[in-house]
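Participant: This is target.cif, which holds mmCIF, C-alpha atoms:
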```cif
data_entry
#
loop_
_atom_site.label_atom_id
_atom_site.label_comp_id
_atom_site.auth_asym_id
_atom_site.auth_seq_id
_atom_site.Cartn_x
_atom_site.Cartn_y
_atom_site.Cartn_z
CA MET A 1 -95.27 -174.89 60.03
CA LYS A 2 -93.04 -177.58 58.60
CA ILE A 3 -89.55 -177.47 57.11
CA ILE A 4 -89.44 -178.54 53.47
CA GLY A 5 -85.92 -177.52 52.39
CA THR A 6 -82.46 -176.82 53.82
CA GLY A 7 -79.24 -175.29 52.53
CA ARG A 8 -75.84 -174.02 53.69
CA ALA A 9 -72.75 -172.21 52.44
CA ASN A 10 -69.34 -171.72 54.05
CA PRO A 11 -66.24 -169.74 53.06
CA ALA A 12 -63.41 -171.45 51.19
CA VAL A 13 -60.59 -170.61 53.61
CA VAL A 14 -60.03 -173.20 56.34
CA VAL A 15 -58.15 -171.83 59.36
CA THR A 16 -56.67 -174.63 61.44
CA ASN A 17 -55.45 -174.40 65.01
CA SER A 18 -51.87 -174.81 63.80
CA MET A 19 -52.33 -171.75 61.57
CA LEU A 20 -53.39 -169.72 64.62
CA GLU A 21 -50.26 -170.86 66.44
CA GLN A 22 -48.24 -168.83 63.93
CA PHE A 23 -49.41 -165.47 65.30
CA LEU A 24 -51.12 -166.22 68.63
CA ASP A 25 -49.76 -167.41 71.95
CA THR A 26 -51.80 -170.59 71.77
CA SER A 27 -51.62 -174.21 70.70
CA ASP A 28 -53.76 -176.84 69.05
CA GLU A 29 -53.99 -178.68 72.38
CA TRP A 30 -55.06 -175.53 74.27
CA ILE A 31 -57.84 -174.75 71.78
CA ARG A 32 -59.13 -178.32 71.48
CA GLU A 33 -59.23 -178.83 75.25
CA ARG A 34 -61.25 -175.66 75.89
CA THR A 35 -63.49 -175.55 72.83
CA GLY A 36 -63.38 -178.86 70.93
CA MET A 37 -62.46 -176.92 67.78
CA ALA A 38 -59.85 -178.04 65.26
CA GLU A 39 -60.59 -175.59 62.44
CA ARG A 40 -63.04 -172.97 61.27
CA ARG A 41 -64.10 -171.39 57.94
CA VAL A 42 -63.34 -167.67 57.64
CA ILE A 43 -64.39 -165.14 54.99
CA SER A 44 -61.57 -163.92 52.76
CA SER A 45 -62.62 -163.00 49.22
CA GLU A 46 -66.30 -163.85 49.67
CA LYS A 47 -69.11 -161.44 50.46
CA LEU A 48 -71.53 -162.50 53.17
CA GLU A 49 -74.51 -161.72 50.97
CA ASP A 50 -73.23 -164.17 48.34
CA LEU A 51 -72.88 -166.96 50.91
CA ALA A 52 -76.38 -166.11 52.16
CA ALA A 53 -77.78 -166.28 48.64
CA GLU A 54 -76.05 -169.61 47.97
CA ALA A 55 -77.52 -171.17 51.12
CA SER A 56 -80.94 -169.75 50.26
CA LEU A 57 -80.96 -171.10 46.70
CA LYS A 58 -79.93 -174.54 47.93
CA ALA A 59 -82.78 -174.55 50.46
CA ILE A 60 -85.30 -173.41 47.84
CA GLU A 61 -84.12 -176.10 45.41
CA ASP A 62 -84.28 -178.74 48.15
CA ALA A 63 -87.88 -177.67 48.79
CA GLY A 64 -88.75 -178.18 45.13
CA LEU A 65 -89.59 -174.50 44.70
CA THR A 66 -88.26 -171.49 42.82
CA PRO A 67 -87.45 -168.02 44.22
CA ALA A 68 -90.73 -166.80 42.71
CA ASP A 69 -92.59 -169.14 45.10
CA ILE A 70 -91.11 -167.44 48.21
CA ASP A 71 -93.48 -164.84 49.61
CA TYR A 72 -91.55 -163.74 52.72
CA ILE A 73 -87.90 -163.71 53.82
CA ILE A 74 -86.69 -163.48 57.41
CA CYS A 75 -82.93 -163.09 57.81
CA SER A 76 -81.05 -163.49 61.09
CA ASN A 77 -77.88 -161.42 61.09
CA VAL A 78 -75.82 -159.69 63.77
CA VAL A 79 -73.45 -157.62 61.64
CA ASN A 80 -72.33 -157.22 58.03
CA GLU A 81 -70.84 -154.48 55.90
CA TYR A 82 -74.26 -152.95 55.22
CA ALA A 83 -75.96 -151.08 58.04
CA THR A 84 -78.80 -150.52 55.59
CA PRO A 85 -80.49 -151.92 53.58
CA GLY A 86 -81.05 -155.11 55.49
CA LEU A 87 -79.23 -158.25 54.41
CA SER A 88 -82.59 -159.86 53.55
CA CYS A 89 -83.24 -157.15 50.95
CA ILE A 90 -79.85 -157.70 49.34
CA VAL A 91 -80.31 -161.48 49.23
CA GLN A 92 -83.79 -161.05 47.78
CA GLY A 93 -82.32 -159.24 44.80
CA ILE A 94 -79.49 -161.74 44.29
CA ILE A 95 -81.76 -164.79 44.22
CA GLY A 96 -84.49 -163.12 42.16
CA ALA A 97 -87.31 -163.17 44.70
CA THR A 98 -89.88 -160.35 44.84
CA CYS A 99 -91.39 -160.74 48.32
CA ALA A 100 -91.29 -158.65 51.48
CA CYS A 101 -88.23 -159.08 53.70
CA ILE A 102 -87.14 -158.39 57.25
CA ASP A 103 -83.95 -158.77 59.29
CA VAL A 104 -83.81 -159.86 62.93
CA ASN A 105 -80.91 -159.58 65.36
CA ALA A 106 -81.28 -161.87 68.35
CA ALA A 107 -77.57 -162.75 68.29
CA CYS A 108 -76.82 -166.49 68.19
CA SER A 109 -80.47 -167.31 68.97
CA GLY A 110 -81.65 -165.45 65.88
CA PHE A 111 -82.48 -168.43 63.68
CA ILE A 112 -84.91 -169.83 66.26
CA TYR A 113 -86.47 -166.39 66.79
CA ALA A 114 -86.91 -166.18 63.01
CA LEU A 115 -88.51 -169.64 62.88
CA ASP A 116 -90.96 -168.58 65.58
CA MET A 117 -91.83 -165.46 63.57
CA ALA A 118 -92.32 -167.55 60.44
CA ASP A 119 -94.64 -169.93 62.30
CA ASP A 120 -96.77 -166.99 63.44
CA ARG A 121 -96.94 -165.56 59.91
CA LEU A 122 -98.05 -168.88 58.48
CA LYS A 123 -100.71 -169.25 61.17
CA SER A 124 -102.04 -165.80 60.31
CA GLY A 125 -102.38 -166.79 56.65
CA LYS A 126 -100.15 -163.93 55.50
CA ALA A 127 -97.58 -166.18 53.81
CA LYS A 128 -97.34 -169.63 52.27
CA ASN A 129 -93.63 -170.29 51.64
CA ILE A 130 -91.11 -168.51 53.87
CA LEU A 131 -87.34 -168.46 53.52
CA VAL A 132 -85.71 -168.37 56.96
CA LEU A 133 -82.05 -167.47 56.60
CA ALA A 134 -79.14 -166.99 59.01
CA ALA A 135 -75.91 -165.46 57.70
CA GLU A 136 -73.07 -164.40 59.96
CA GLU A 137 -69.45 -163.24 59.87
CA PRO A 138 -68.37 -163.04 63.53
CA SER A 139 -64.73 -163.25 62.45
CA ARG A 140 -65.10 -159.52 61.61
CA MET A 141 -66.18 -158.66 65.18
CA VAL A 142 -63.21 -159.99 67.15
CA ASP A 143 -59.67 -158.88 67.96
CA TRP A 144 -57.39 -161.35 66.17
CA LYS A 145 -54.72 -160.74 68.80
CA ASP A 146 -57.00 -161.99 71.59
CA ARG A 147 -56.60 -165.76 71.78
CA SER A 148 -59.49 -166.15 74.22
CA VAL A 149 -62.03 -164.94 71.65
CA CYS A 150 -60.79 -165.05 68.06
CA VAL A 151 -60.15 -168.82 68.06
CA LEU A 152 -63.86 -169.45 68.67
CA PHE A 153 -65.50 -168.07 65.56
CA GLY A 154 -66.12 -168.97 61.94
CA ASP A 155 -68.35 -167.55 59.22
CA GLY A 156 -71.18 -169.08 57.22
CA ALA A 157 -74.82 -169.15 56.20
CA GLY A 158 -77.67 -171.62 56.63
CA ALA A 159 -81.25 -171.50 55.42
CA VAL A 160 -84.55 -173.38 55.49
CA VAL A 161 -87.83 -173.05 53.63
CA VAL A 162 -90.96 -173.49 55.72
CA THR A 163 -94.60 -173.79 54.71
CA GLU A 164 -97.94 -174.67 56.30
CA GLY A 165 -97.87 -177.96 58.17
CA GLU A 166 -97.79 -179.73 61.52
CA GLY A 167 -94.03 -179.69 62.15
CA MET A 168 -93.78 -177.17 65.00
CA ILE A 169 -94.59 -178.91 68.27
CA GLY A 170 -93.61 -176.06 70.56
CA SER A 171 -91.29 -173.08 70.94
CA ARG A 172 -89.91 -170.94 73.74
CA LEU A 173 -88.09 -167.60 73.56
CA THR A 174 -86.53 -165.74 76.48
CA THR A 175 -84.46 -162.59 76.92
CA VAL A 176 -82.75 -161.24 80.02
CA SER A 177 -80.98 -157.90 79.62
CA LYS A 178 -77.41 -158.84 80.49
CA THR A 179 -75.06 -156.95 78.21
CA ASP A 180 -71.98 -157.04 80.41
CA CYS A 181 -70.96 -160.65 79.69
CA LEU A 182 -70.99 -160.45 75.88
CA HIS A 183 -71.07 -157.36 73.67
CA TYR A 184 -69.57 -155.62 70.64
CA PHE A 185 -69.43 -151.81 70.28
CA ARG A 186 -69.12 -149.89 67.02
CA THR A 187 -68.76 -146.12 66.72
CA LEU A 188 -71.13 -144.26 64.41
CA GLU A 189 -70.34 -141.32 62.15
CA PRO A 190 -69.39 -138.11 64.02
CA THR A 191 -71.66 -135.05 64.09
CA PRO A 192 -70.87 -131.44 65.04
CA TYR A 193 -72.93 -131.96 68.23
CA ILE A 194 -71.55 -135.18 69.72
CA THR A 195 -69.93 -134.51 73.09
CA LYS A 196 -70.16 -137.94 74.70
CA GLU A 197 -67.08 -140.13 74.73
CA GLU A 198 -67.23 -142.90 72.11
CA GLU A 199 -64.87 -145.76 71.38
CA GLY A 200 -65.35 -148.78 69.16
CA LYS A 201 -64.19 -152.04 70.69
CA PRO A 202 -63.87 -155.65 69.48
CA MET A 203 -66.18 -158.28 70.89
CA TYR A 204 -65.87 -158.79 74.65
CA MET A 205 -66.82 -162.11 76.19
CA ASN A 206 -66.77 -163.27 79.79
CA GLY A 207 -66.29 -166.94 78.98
CA ARG A 208 -67.21 -168.35 82.39
CA GLU A 209 -70.39 -166.31 82.66
CA VAL A 210 -71.43 -167.17 79.10
CA PHE A 211 -70.79 -170.88 79.76
CA LYS A 212 -72.87 -170.92 82.93
CA THR A 213 -75.74 -168.88 81.49
CA ALA A 214 -75.80 -170.87 78.24
CA VAL A 215 -75.93 -174.29 79.90
CA LEU A 216 -78.55 -173.38 82.50
CA SER A 217 -80.75 -171.40 80.07
CA SER A 218 -80.67 -173.97 77.28
CA SER A 219 -81.32 -176.89 79.65
CA ARG A 220 -84.23 -175.00 81.22
CA ASP A 221 -85.79 -174.16 77.84
CA ILE A 222 -85.50 -177.74 76.60
CA LYS A 223 -86.96 -179.30 79.76
CA THR A 224 -89.83 -176.79 79.77
CA LEU A 225 -90.73 -177.62 76.16
CA LEU A 226 -90.45 -181.37 76.69
CA ASP A 227 -92.73 -181.22 79.73
CA ALA A 228 -95.30 -179.11 77.86
CA ALA A 229 -95.30 -181.59 74.95
CA GLY A 230 -95.47 -184.66 77.22
CA LEU A 231 -92.14 -185.92 75.91
CA LYS A 232 -89.08 -187.41 77.57
CA PRO A 233 -85.50 -186.43 76.68
CA GLU A 234 -84.94 -189.80 75.00
CA ASP A 235 -87.95 -189.24 72.70
CA ILE A 236 -85.88 -186.71 70.76
CA LYS A 237 -83.70 -188.19 68.02
CA TYR A 238 -81.36 -185.21 67.73
CA TYR A 239 -80.68 -182.10 69.77
CA VAL A 240 -79.49 -179.60 67.16
CA LEU A 241 -77.78 -177.08 69.42
CA HIS A 242 -76.00 -173.82 68.76
CA GLN A 243 -72.41 -174.83 68.03
CA ALA A 244 -70.67 -172.43 70.40
CA ASN A 245 -68.34 -174.73 72.28
CA MET A 246 -68.09 -178.51 72.63
CA ARG A 247 -67.93 -178.27 76.41
CA ILE A 248 -71.28 -176.43 76.46
CA ILE A 249 -72.88 -179.11 74.28
CA GLU A 250 -71.53 -181.87 76.55
CA ALA A 251 -72.77 -180.06 79.67
CA ILE A 252 -76.31 -179.75 78.25
CA CYS A 253 -76.18 -183.43 77.30
CA ASN A 254 -75.30 -184.29 80.91
CA HIS A 255 -78.09 -182.07 82.28
CA LEU A 256 -80.59 -184.04 80.20
CA GLY A 257 -79.16 -187.42 81.26
CA LEU A 258 -78.49 -188.56 77.70
CA ASP A 259 -75.48 -189.83 75.75
CA MET A 260 -73.79 -187.91 72.96
CA SER A 261 -75.42 -189.99 70.21
CA HIS A 262 -78.37 -187.56 70.50
CA PHE A 263 -76.11 -184.53 69.98
CA PRO A 264 -74.71 -184.19 66.46
CA HIS A 265 -72.04 -181.51 66.15
CA ASN A 266 -69.74 -179.81 63.67
CA VAL A 267 -68.17 -177.17 65.93
CA ASP A 268 -64.85 -178.98 65.48
CA ARG A 269 -64.89 -178.12 61.74
CA TYR A 270 -66.76 -174.79 61.55
CA GLY A 271 -66.31 -173.08 64.92
CA ASN A 272 -69.04 -170.82 66.27
CA THR A 273 -70.94 -169.38 63.29
CA SER A 274 -73.42 -167.52 65.51
CA SER A 275 -77.07 -167.89 64.45
CA ALA A 276 -76.06 -169.78 61.29
CA SER A 277 -74.80 -172.78 63.28
CA VAL A 278 -78.18 -174.48 63.80
CA PRO A 279 -79.33 -174.36 60.13
CA ILE A 280 -75.84 -175.34 58.90
CA LEU A 281 -75.88 -178.44 61.12
CA LEU A 282 -79.49 -179.22 60.16
CA ASP A 283 -78.58 -179.11 56.47
CA GLU A 284 -75.71 -181.54 57.07
CA LEU A 285 -78.05 -183.97 58.80
CA ASN A 286 -80.62 -183.62 56.01
CA ARG A 287 -78.17 -184.13 53.15
CA GLU A 288 -76.42 -187.02 54.87
CA GLY A 289 -79.76 -188.87 55.09
CA LYS A 290 -79.82 -188.91 58.88
CA LEU A 291 -83.35 -187.52 59.21
CA GLN A 292 -86.44 -189.66 58.74
CA LYS A 293 -90.06 -188.61 58.55
CA GLY A 294 -91.51 -188.53 62.07
CA ASP A 295 -88.20 -187.85 63.82
CA LYS A 296 -88.50 -185.34 66.63
CA LEU A 297 -85.76 -182.71 66.83
CA VAL A 298 -84.94 -180.01 69.34
CA PHE A 299 -83.29 -176.77 68.23
CA SER A 300 -81.72 -174.71 71.01
CA ALA A 301 -79.52 -171.62 70.95
CA PHE A 302 -78.25 -168.85 73.21
CA GLY A 303 -76.52 -165.56 72.56
CA ALA A 304 -75.72 -162.00 73.51
CA GLY A 305 -78.57 -160.17 75.12
CA PHE A 306 -78.82 -162.60 76.85
CA THR A 307 -81.25 -164.32 74.46
CA THR A 308 -82.25 -167.97 74.36
CA GLY A 309 -84.56 -169.83 72.04
CA ALA A 310 -85.66 -173.43 71.66
CA CYS A 311 -88.24 -175.37 69.71
CA ILE A 312 -89.34 -178.94 69.12
CA ILE A 313 -89.79 -179.90 65.46
CA GLU A 314 -91.21 -183.03 63.90
CA TRP A 315 -89.40 -183.80 60.68
CA THR A 316 -92.03 -184.12 57.98
CA LYS A 317 -89.91 -183.87 54.83
#
```
What is this structure when it is put down as structure tokens?
Facilitator:
Amino acid sequence: MKIIGTGRANPAVVVTNSMLEQFLDTSDEWIRERTGMAERRVISSEKLEDLAAEASLKAIEDAGLTPADIDYIICSNVVNEYATPGLSCIVQGIIGATCACIDVNAACSGFIYALDMADDRLKSGKAKNILVLAAEEPSRMVDWKDRSVCVLFGDGAGAVVVTEGEGMIGSRLTTVSKTDCLHYFRTLEPTPYITKEEEGKPMYMNGREVFKTAVLSSSRDIKTLLDAAGLKPEDIKYYVLHQANMRIIEAICNHLGLDMSHFPHNVDRYGNTSSASVPILLDELNREGKLQKGDKLVFSAFGAGFTTGACIIEWTK
């Protein structure tokens, strides 16, 4: 496959660290030192499906196509106000597409899992133009009284259009069942027969364990892919990583023996937007003219599960 269009959409409300100081026992210095974040975008009046549709339409326009040209939609999403139908179905209706749709939940790795699925579908000849979308609102999963978690997250959507081509050099997906370090529980509707104890809880995160697992898993995935492709770390123009935490990005950079010029980032402005972070950053690079035909890029992400995904892409646009 190859990527032929990108798009993004973010909420209007900007929540700065100083705004969080007003109701949390925290400070701008404390947040910046631990996360590298200065602000994040958070949903207020918007609906996630509208942000998702906006990002999708921008990607389709950038690809030089119309919604009628899209013959499959894969949407990465962890949670939204609809349990059913899937967010992909809702977005399909908003943008005026008529194709089959599917949602995937691989947490923050979901966009790369969706890309891998799209690549397989193109290889099978079952689709020609696929919209790969990631739309997330993690701000609705956290306890806004817990400074260790709520300061990390922002909301947003990113999308790409892919078609047949020679852009995918290699991909790697891994999952290790490890729910204790990062999870979010929701209670379902009661029935007359439920006897088990149930309690909904905000997102729980063991920061140290997530940090260690993320750095080691992402570094391993990237090195494995580079070796398989016969490439060196310095052959990659940009490492487009999941924007979870600036310290994680810096640690992966150090593991690969590179300098930060290879690691673009926007976590300082958007926070952790879950699986939407990679396509949002990619769209920024694309629209700022920082990508040239033939550039090799690495996408890498990690998330609850524990899932990890990485791929090497040649920019052909």
Participant: For atom CA of Cys99 of chain A and atom CA of Ile43 of chain A, determine how far apart the two atoms are, in Å to one decimal place.
Facilitator: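 Atom CA of Ile43 of chain A lies 28.2 Å from atom CA of Cys99 of chain A.
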Participant: Extract, using all atoms listed in the file, all DNA, RNA and protein residues at most 6 Å from segment 49-65 of chain A, discarding same-chain residues fewer than 3 positions from it, and format them as a list in words.
Facilitator: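 In the requested format, the answer is Ile4, Gly5, Thr6, Gly7, Arg8, Ala9, Val91, Ala135, Ala157, Gly158, Ala159 and Val160 of chain A.
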Participant: Work out how far atom CA of Tyr239 of chain A is from atom CA of Phe263 of chain A, in Å to one decimal.
Facilitator: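 Atom CA of Tyr239 of chain A lies 5.2 Å from atom CA of Phe263 of chain A.
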Participant: Could you work out how far atom CA of Leu256 of chain A lies from atom CA of Lys232 of chain A, giving the answer in Å with one decimal?
Facilitator: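 About the pair atom CA of Lys232 of chain A and atom CA of Leu256 of chain A: they are 9.5 Å apart.
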Participant: Would you give me, as JSON lines, each residue of segment 48-157 of chain A having an atom within 12 Å of an atom of segment 268-288 of chain A, along with its shortest atom pair and that distance in Å to one decimal, using all atoms listed in the file and sorting by chain and residue number?
Facilitator:
```
{"residue": "A:Leu48", "atom": "CA", "partner": "A:Ala276", "partner_atom": "CA", "distance": 11.8}
{"residue": "A:Leu51", "atom": "CA", "partner": "A:Ala276", "partner_atom": "CA", "distance": 11.2}
{"residue": "A:Ala52", "atom": "CA", "partner": "A:Ala276", "partner_atom": "CA", "distance": 9.8}
{"residue": "A:Ala55", "atom": "CA", "partner": "A:Ile280", "partner_atom": "CA", "distance": 9.0}
{"residue": "A:Ser56", "atom": "CA", "partner": "A:Pro279", "partner_atom": "CA", "distance": 11.0}
{"residue": "A:Lys58", "atom": "CA", "partner": "A:Asp283", "partner_atom": "CA", "distance": 9.8}
{"residue": "A:Ala59", "atom": "CA", "partner": "A:Asp283", "partner_atom": "CA", "distance": 8.6}
{"residue": "A:Asp62", "atom": "CA", "partner": "A:Arg287", "partner_atom": "CA", "distance": 9.6}
{"residue": "A:Ala63", "atom": "CA", "partner": "A:Asn286", "partner_atom": "CA", "distance": 11.8}
{"residue": "A:Cys75", "atom": "CA", "partner": "A:Ser275", "partner_atom": "CA", "distance": 10.1}
{"residue": "A:Ser76", "atom": "CA", "partner": "A:Ser275", "partner_atom": "CA", "distance": 6.8}
{"residue": "A:Asn77", "atom": "CA", "partner": "A:Ser275", "partner_atom": "CA", "distance": 7.3}
{"residue": "A:Val78", "atom": "CA", "partner": "A:Ser275", "partner_atom": "CA", "distance": 8.3}
{"residue": "A:Val79", "atom": "CA", "partner": "A:Ser274", "partner_atom": "CA", "distance": 10.6}
{"residue": "A:Val104", "atom": "CA", "partner": "A:Ser275", "partner_atom": "CA", "distance": 10.6}
{"residue": "A:Asn105", "atom": "CA", "partner": "A:Ser275", "partner_atom": "CA", "distance": 9.2}
{"residue": "A:Ala106", "atom": "CA", "partner": "A:Ser275", "partner_atom": "CA", "distance": 8.3}
{"residue": "A:Ala107", "atom": "CA", "partner": "A:Ser275", "partner_atom": "CA", "distance": 6.4}
{"residue": "A:Cys108", "atom": "CA", "partner": "A:Ser275", "partner_atom": "CA", "distance": 4.0}
{"residue": "A:Ser109", "atom": "CA", "partner": "A:Ser275", "partner_atom": "CA", "distance": 5.7}
{"residue": "A:Gly110", "atom": "CA", "partner": "A:Ser275", "partner_atom": "CA", "distance": 5.4}
{"residue": "A:Phe111", "atom": "CA", "partner": "A:Ser275", "partner_atom": "CA", "distance": 5.5}
{"residue": "A:Ile112", "atom": "CA", "partner": "A:Ser275", "partner_atom": "CA", "distance": 8.3}
{"residue": "A:Tyr113", "atom": "CA", "partner": "A:Ser275", "partner_atom": "CA", "distance": 9.8}
{"residue": "A:Ala114", "atom": "CA", "partner": "A:Ser275", "partner_atom": "CA", "distance": 10.1}
{"residue": "A:Leu115", "atom": "CA", "partner": "A:Pro279", "partner_atom": "CA", "distance": 10.7}
{"residue": "A:Leu131", "atom": "CA", "partner": "A:Pro279", "partner_atom": "CA", "distance": 11.9}
{"residue": "A:Val132", "atom": "CA", "partner": "A:Pro279", "partner_atom": "CA", "distance": 9.3}
{"residue": "A:Leu133", "atom": "CA", "partner": "A:Ala276", "partner_atom": "CA", "distance": 8.0}
{"residue": "A:Ala134", "atom": "CA", "partner": "A:Ala276", "partner_atom": "CA", "distance": 4.7}
{"residue": "A:Ala135", "atom": "CA", "partner": "A:Ala276", "partner_atom": "CA", "distance": 5.6}
{"residue": "A:Glu136", "atom": "CA", "partner": "A:Ala276", "partner_atom": "CA", "distance": 6.3}
{"residue": "A:Glu137", "atom": "CA", "partner": "A:Thr273", "partner_atom": "CA", "distance": 7.2}
{"residue": "A:Pro138", "atom": "CA", "partner": "A:Thr273", "partner_atom": "CA", "distance": 6.8}
{"residue": "A:Ser139", "atom": "CA", "partner": "A:Thr273", "partner_atom": "CA", "distance": 8.8}
{"residue": "A:Arg140", "atom": "CA", "partner": "A:Thr273", "partner_atom": "CA", "distance": 11.6}
{"residue": "A:Met141", "atom": "CA", "partner": "A:Ser274", "partner_atom": "CA", "distance": 11.4}
{"residue": "A:Val149", "atom": "CA", "partner": "A:Asn272", "partner_atom": "CA", "distance": 10.6}
{"residue": "A:Cys150", "atom": "CA", "partner": "A:Asn272", "partner_atom": "CA", "distance": 10.2}
{"residue": "A:Val151", "atom": "CA", "partner": "A:Gly271", "partner_atom": "CA", "distance": 8.1}
{"residue": "A:Leu152", "atom": "CA", "partner": "A:Gly271", "partner_atom": "CA", "distance": 5.8}
{"residue": "A:Phe153", "atom": "CA", "partner": "A:Asn272", "partner_atom": "CA", "distance": 4.5}
{"residue": "A:Gly154", "atom": "CA", "partner": "A:Thr273", "partner_atom": "CA", "distance": 5.0}
{"residue": "A:Asp155", "atom": "CA", "partner": "A:Thr273", "partner_atom": "CA", "distance": 5.2}
{"residue": "A:Gly156", "atom": "CA", "partner": "A:Thr273", "partner_atom": "CA", "distance": 6.1}
{"residue": "A:Ala157", "atom": "CA", "partner": "A:Ala276", "partner_atom": "CA", "distance": 5.3}
```
Participant: Name the residues that the PyMOL selection byres ((chain A and resi 184) around 8) picks from the file above, as a ChimeraX atom specification, using the file's chain letters and numbers.
Facilitator: /A:141,182-183,185-186,201-204
Participant: Could you expand the PyMOL selection byres ((chain A and resi 301) around 7) into the explicit residues it covers here, written as an MDAnalysis selection string?
Facilitator: chainID A and resid 108:109 218 241:242 299:300 302:303 308:310
Participant: From the list A:Ile169, A:Met19, A:Cys101, A:Cys181, which residue is nearest Ile236 of chain A when using only C-alpha atoms?
Facilitator: A:Ile169
Participant: Where's the centre, and what are the edge lengths in Å to one decimal, of a box along x, y and z enclosing all listed atoms of segment 56-64 of chain A padded 6 Å per side, as lines of an AutoDock Vina configuration file?
Facilitator:
```
center_x = -84.3
center_y = -174.2
center_z = 47.8
size_x = 20.8
size_y = 21.0
size_z = 17.3
```
Participant: From the set A:Ala12, A:Ile252, A:Ala83, A:Ala304, which residue has the shortest atom-to-atom contact distance to Arg41 of chain A, counting all atoms listed in the file?
Facilitator: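 Once distances to Arg41 of chain A are computed over all atoms listed in the file, the minimum belongs to A:Ala12.
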Participant: Give as a VMD selection string the residues that the PyMOL selection byres ((chain A and resi 147) around 10) matches when applied to the coordinates above.
Facilitator: chain A and resid 20 to 21 23 to 27 31 142 to 146 148 to 152
Participant: With a distance cut-off of 6 Å and all atoms listed in the file, select the neighbouring residues of segment 293-297 of chain A, excluding the residue or stretch itself and same-chain residues fewer than 3 positions from it, and output the selection as a list of chain:residue names.
Facilitator: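 Once the adjacent positions are removed, what remains is A:Ile236, A:Lys237, A:Tyr238, A:Tyr239, A:Ile312, A:Ile313, A:Glu314, A:Trp315, A:Thr316.
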Participant: Have a look at A:Gly289, A:Gly257, A:Pro192, A:Gly125 and name the one nearest to Lys223 of chain A; count all atoms listed in the file.
Facilitator: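 That would be A:Gly257, the residue with the smallest distance to Lys223 of chain A.
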